[in-house]
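Asker: Here it is, the structure, as structure tokens.
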Amino acid sequence: MDLTVGQAREQFRELLRRRPVSGRRQADFLPVETLLCLAASFLVNHRQFGGATAHRAPEPVPSLAALFSRPPSSVLAKMANLDGSRSHGAKWDVLAGAMLREDLERFTHIYRILFRAARVEGIGAERLPDFLNLETGDELMLLGQEELEPSVLEADLRDKIAQHAAGDRWSELQTERILLAAARVGQHVFALSVLNNCGSRCVFCGFSPAGFGAKRMLLAGHIKPWKNSTAGERLDPRNGLAACPPHNVAFDTGLRTVNGGLRIHVASPLAEAVRADQMARQYYGQPPCASRCCCPRARSRPPRNTWTGIGRRSLRPEWYRQRRHAPPVSSRSRPAVRR
């Protein structure tokens, strides 16, 4: 954690001399490898990959595996060690990972030291990309933290802390630090996946702040609340949607809901309030009935999700749109689709 540029350069030179090993025990991880695996955990959920699926892990796992002359599964295993999800992981890996996850300023400083040393040793962006975009001066911000209220976290972690501390491996304070850091970074990775899955647009109105470089104007939240979700559901991007702040609040408070068919429903109080507001009518036009009743206006126009004009297809996740535009296949080879 107190790595200098000189020490990092020496370790990168050792990496460049390393050759891949097959069928034998891998070389011990160098500090620069461990720290880069920690950085990768801010982008990749290692729990989604392992064993036969390790080669499917997205960047930066393949680039790091190639640089380290290791298989991707080895990089994913180190990432698991760092967040404490492996019971037999190295104790100091877990503690160091928790300390750097909660001190983002210190982590950013170490990240820049690593990349400065790598560039001096001739390791360019093609071999080691700046995957967190911190090399040039940006700051690391954790997304999706709005759902992690202190009271919710305390209630969720209370039993876990007692269970982990009973093993005499860590103290209660260390256990709390490890679990809290893992929850916050896990929520950040979930938010990134949801924003990407929704095309970086609000699923209700289509607002896309990425077009003009704005940050934190699009929020990623759970459909099933975080506090009520299982460990797998908390990290599953299919359990999330992206929304601008007003629509995020409307969704959290039940004024707007999404059913299993990805159809948006407007609560009666919200629809009536807009219908009675002259300025809202001028901006949005007359909204439909909240219950989608069979009134003449509802029958005469094409079906829409909301009175803002966003069609049903806008809520389809990226994997669904890619499948819809894929080349046709025969009925025998077409996979089953869950409805």
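In the structure tokens, chains take the letters A, B, ... in the order shown, each chain's residues start at 1, and ligands count up from 1 in the order shown.
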Would you list the contacts of His46 in chain A as a PyMOL selection string, taking every protein, DNA or RNA residue within 9 Å and counting only C-alpha atoms, but skipping same-chain residues closer than 3 positions in sequence?

Answerer: chain A and resi 41+49-50+54+57+76-77+79-80

Asker: Each residue of range 137-223 of chain A lying at most 9 Å from range 229-240 of chain A should get a row with its shortest atom-to-atom pair and the distance in Å to one decimal, counting only C-alpha atoms; could you produce that, ordered by chain and increasing number, as a Markdown table?

Answerer:
```
| residue | atom | partner | partner_atom | distance |
| --- | --- | --- | --- | --- |
| A:Gly186 | CA | A:Leu235 | CA | 6.7 |
| A:Gln187 | CA | A:Leu235 | CA | 7.0 |
| A:Val189 | CA | A:Leu235 | CA | 7.7 |
| A:Phe190 | CA | A:Leu235 | CA | 5.3 |
| A:Ala191 | CA | A:Pro237 | CA | 7.7 |
| A:Leu192 | CA | A:Pro237 | CA | 8.8 |
| A:Ser193 | CA | A:Pro237 | CA | 5.8 |
| A:Val194 | CA | A:Pro237 | CA | 5.1 |
| A:Leu195 | CA | A:Pro237 | CA | 8.8 |
| A:Asn197 | CA | A:Pro237 | CA | 7.5 |
| A:Ala220 | CA | A:Gly240 | CA | 6.6 |
| A:Gly221 | CA | A:Gly240 | CA | 5.4 |
| A:His222 | CA | A:Gly240 | CA | 4.3 |
| A:Ile223 | CA | A:Gly240 | CA | 5.2 |
```

Asker: Any chance you could export the current selection's N, CA, C and O atoms as an mmCIF file, in the first residue's frame?

Answerer:
```cif
data_model
loop_
_atom_site.group_PDB
_atom_site.id
_atom_site.type_symbol
_atom_site.label_atom_id
_atom_site.label_comp_id
_atom_site.auth_asym_id
_atom_site.auth_seq_id
_atom_site.Cartn_x
_atom_site.Cartn_y
_atom_site.Cartn_z
ATOM 1 N N GLY A 186 -19.757 -3.402 -4.562
ATOM 2 C CA GLY A 186 -20.708 -4.237 -5.278
ATOM 3 C C GLY A 186 -21.869 -3.422 -5.833
ATOM 4 O O GLY A 186 -22.313 -3.649 -6.976
ATOM 5 N N GLN A 187 -22.343 -2.453 -5.063
ATOM 6 C CA GLN A 187 -23.416 -1.581 -5.540
ATOM 7 C C GLN A 187 -22.936 -0.716 -6.705
ATOM 8 O O GLN A 187 -23.682 -0.454 -7.658
ATOM 9 N N VAL A 189 -20.565 -1.564 -8.943
ATOM 10 C CA VAL A 189 -20.476 -2.434 -10.117
ATOM 11 C C VAL A 189 -21.879 -2.717 -10.667
ATOM 12 O O VAL A 189 -22.098 -2.729 -11.882
ATOM 13 N N PHE A 190 -22.842 -2.938 -9.773
ATOM 14 C CA PHE A 190 -24.227 -3.146 -10.202
ATOM 15 C C PHE A 190 -24.746 -1.933 -10.968
ATOM 16 O O PHE A 190 -25.359 -2.070 -12.035
ATOM 17 N N ALA A 191 -24.492 -0.732 -10.451
ATOM 18 C CA ALA A 191 -24.979 0.487 -11.104
ATOM 19 C C ALA A 191 -24.359 0.655 -12.491
ATOM 20 O O ALA A 191 -25.044 1.032 -13.447
ATOM 21 N N LEU A 192 -23.065 0.378 -12.623
ATOM 22 C CA LEU A 192 -22.426 0.460 -13.936
ATOM 23 C C LEU A 192 -23.075 -0.490 -14.930
ATOM 24 O O LEU A 192 -23.325 -0.132 -16.086
ATOM 25 N N SER A 193 -23.350 -1.715 -14.490
ATOM 26 C CA SER A 193 -23.959 -2.710 -15.377
ATOM 27 C C SER A 193 -25.363 -2.296 -15.789
ATOM 28 O O SER A 193 -25.763 -2.470 -16.945
ATOM 29 N N VAL A 194 -26.135 -1.731 -14.866
ATOM 30 C CA VAL A 194 -27.502 -1.308 -15.168
ATOM 31 C C VAL A 194 -27.493 -0.149 -16.167
ATOM 32 O O VAL A 194 -28.273 -0.138 -17.128
ATOM 33 N N LEU A 195 -26.623 0.831 -15.949
ATOM 34 C CA LEU A 195 -26.551 1.965 -16.869
ATOM 35 C C LEU A 195 -26.174 1.502 -18.276
ATOM 36 O O LEU A 195 -26.736 1.970 -19.274
ATOM 37 N N ASN A 197 -26.696 -1.537 -19.472
ATOM 38 C CA ASN A 197 -27.803 -2.357 -19.965
ATOM 39 C C ASN A 197 -28.955 -1.503 -20.490
ATOM 40 O O ASN A 197 -29.675 -1.907 -21.406
ATOM 41 N N ALA A 220 -29.063 4.537 -11.088
ATOM 42 C CA ALA A 220 -29.372 3.126 -11.281
ATOM 43 C C ALA A 220 -29.867 2.557 -9.953
ATOM 44 O O ALA A 220 -29.176 2.661 -8.941
ATOM 45 N N GLY A 221 -31.042 2.008 -9.960
ATOM 46 C CA GLY A 221 -31.611 1.464 -8.737
ATOM 47 C C GLY A 221 -32.182 0.076 -8.948
ATOM 48 O O GLY A 221 -32.359 -0.384 -10.083
ATOM 49 N N HIS A 222 -32.460 -0.586 -7.842
ATOM 50 C CA HIS A 222 -33.020 -1.926 -7.888
ATOM 51 C C HIS A 222 -34.528 -1.868 -8.117
ATOM 52 O O HIS A 222 -35.214 -1.006 -7.565
ATOM 53 N N ILE A 223 -35.033 -2.791 -8.914
ATOM 54 C CA ILE A 223 -36.474 -2.946 -9.056
ATOM 55 C C ILE A 223 -37.038 -3.574 -7.773
ATOM 56 O O ILE A 223 -37.974 -3.053 -7.174
#
```

Asker: For Arg201 in chain A, find every residue with an atom within 9 Å (counting only C-alpha atoms), except residues of its own chain fewer than 4 positions away, and show them as a PyMOL selection string.

Answerer: chain A and resi 195-196+205-210+218+242-244

Asker: Which polymer residues have any atom within 7 Å of an atom of range 14-18 of chain A, counting only C-alpha atoms, with same-chain residues fewer than 4 positions away left out, as a list in words?

Answerer: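 In the requested format, the answer is Glu10, Phe68 and Ser69 of chain A.
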
Asker: Take the selection from the previous step and output its residues with C-alpha atoms, as a PDB file, in the first residue's frame.

Answerer:
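File written: again29.pdb
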```pdb
ATOM      1  CA  GLU A  10      11.018  -3.199 -10.824  1.00  0.00           C
ATOM      2  CA  PHE A  68       0.496 -11.214 -15.833  1.00  0.00           C
ATOM      3  CA  SER A  69       1.001 -14.348 -18.004  1.00  0.00           C
TER       4      SER A  69
END
```

Asker: Show which residues sit within 9 Å of Tyr111 in chain A, as an MDAnalysis selection string. Count only C-alpha atoms, and ignore same-chain residues fewer than 3 positions away.

Answerer: chainID A and resid 35:36 39 106:108 114:116 134:135

Asker: Give me every helix (DSSP H, G or I) residue in range 6-112 of chain A, going by DSSP on the backbone, as a PyMOL selection string.

Answerer: chain A and resi 6-17+31-40+46-48+51-56+61-68+72-82+91-102+104-112

Asker: Given only C-alpha atoms as the basis, pick out the residue of A:Val274, A:Leu241, A:Met279, A:Val61 nearest to Leu262 in chain A.

Answerer: A:Leu241

Asker: Using only C-alpha atoms, can you tell me which of A:His188, A:Arg216, A:Lys227, A:Arg112 comes closest to Pro150 in chain A?

Answerer: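 Closest candidate: A:Lys227.
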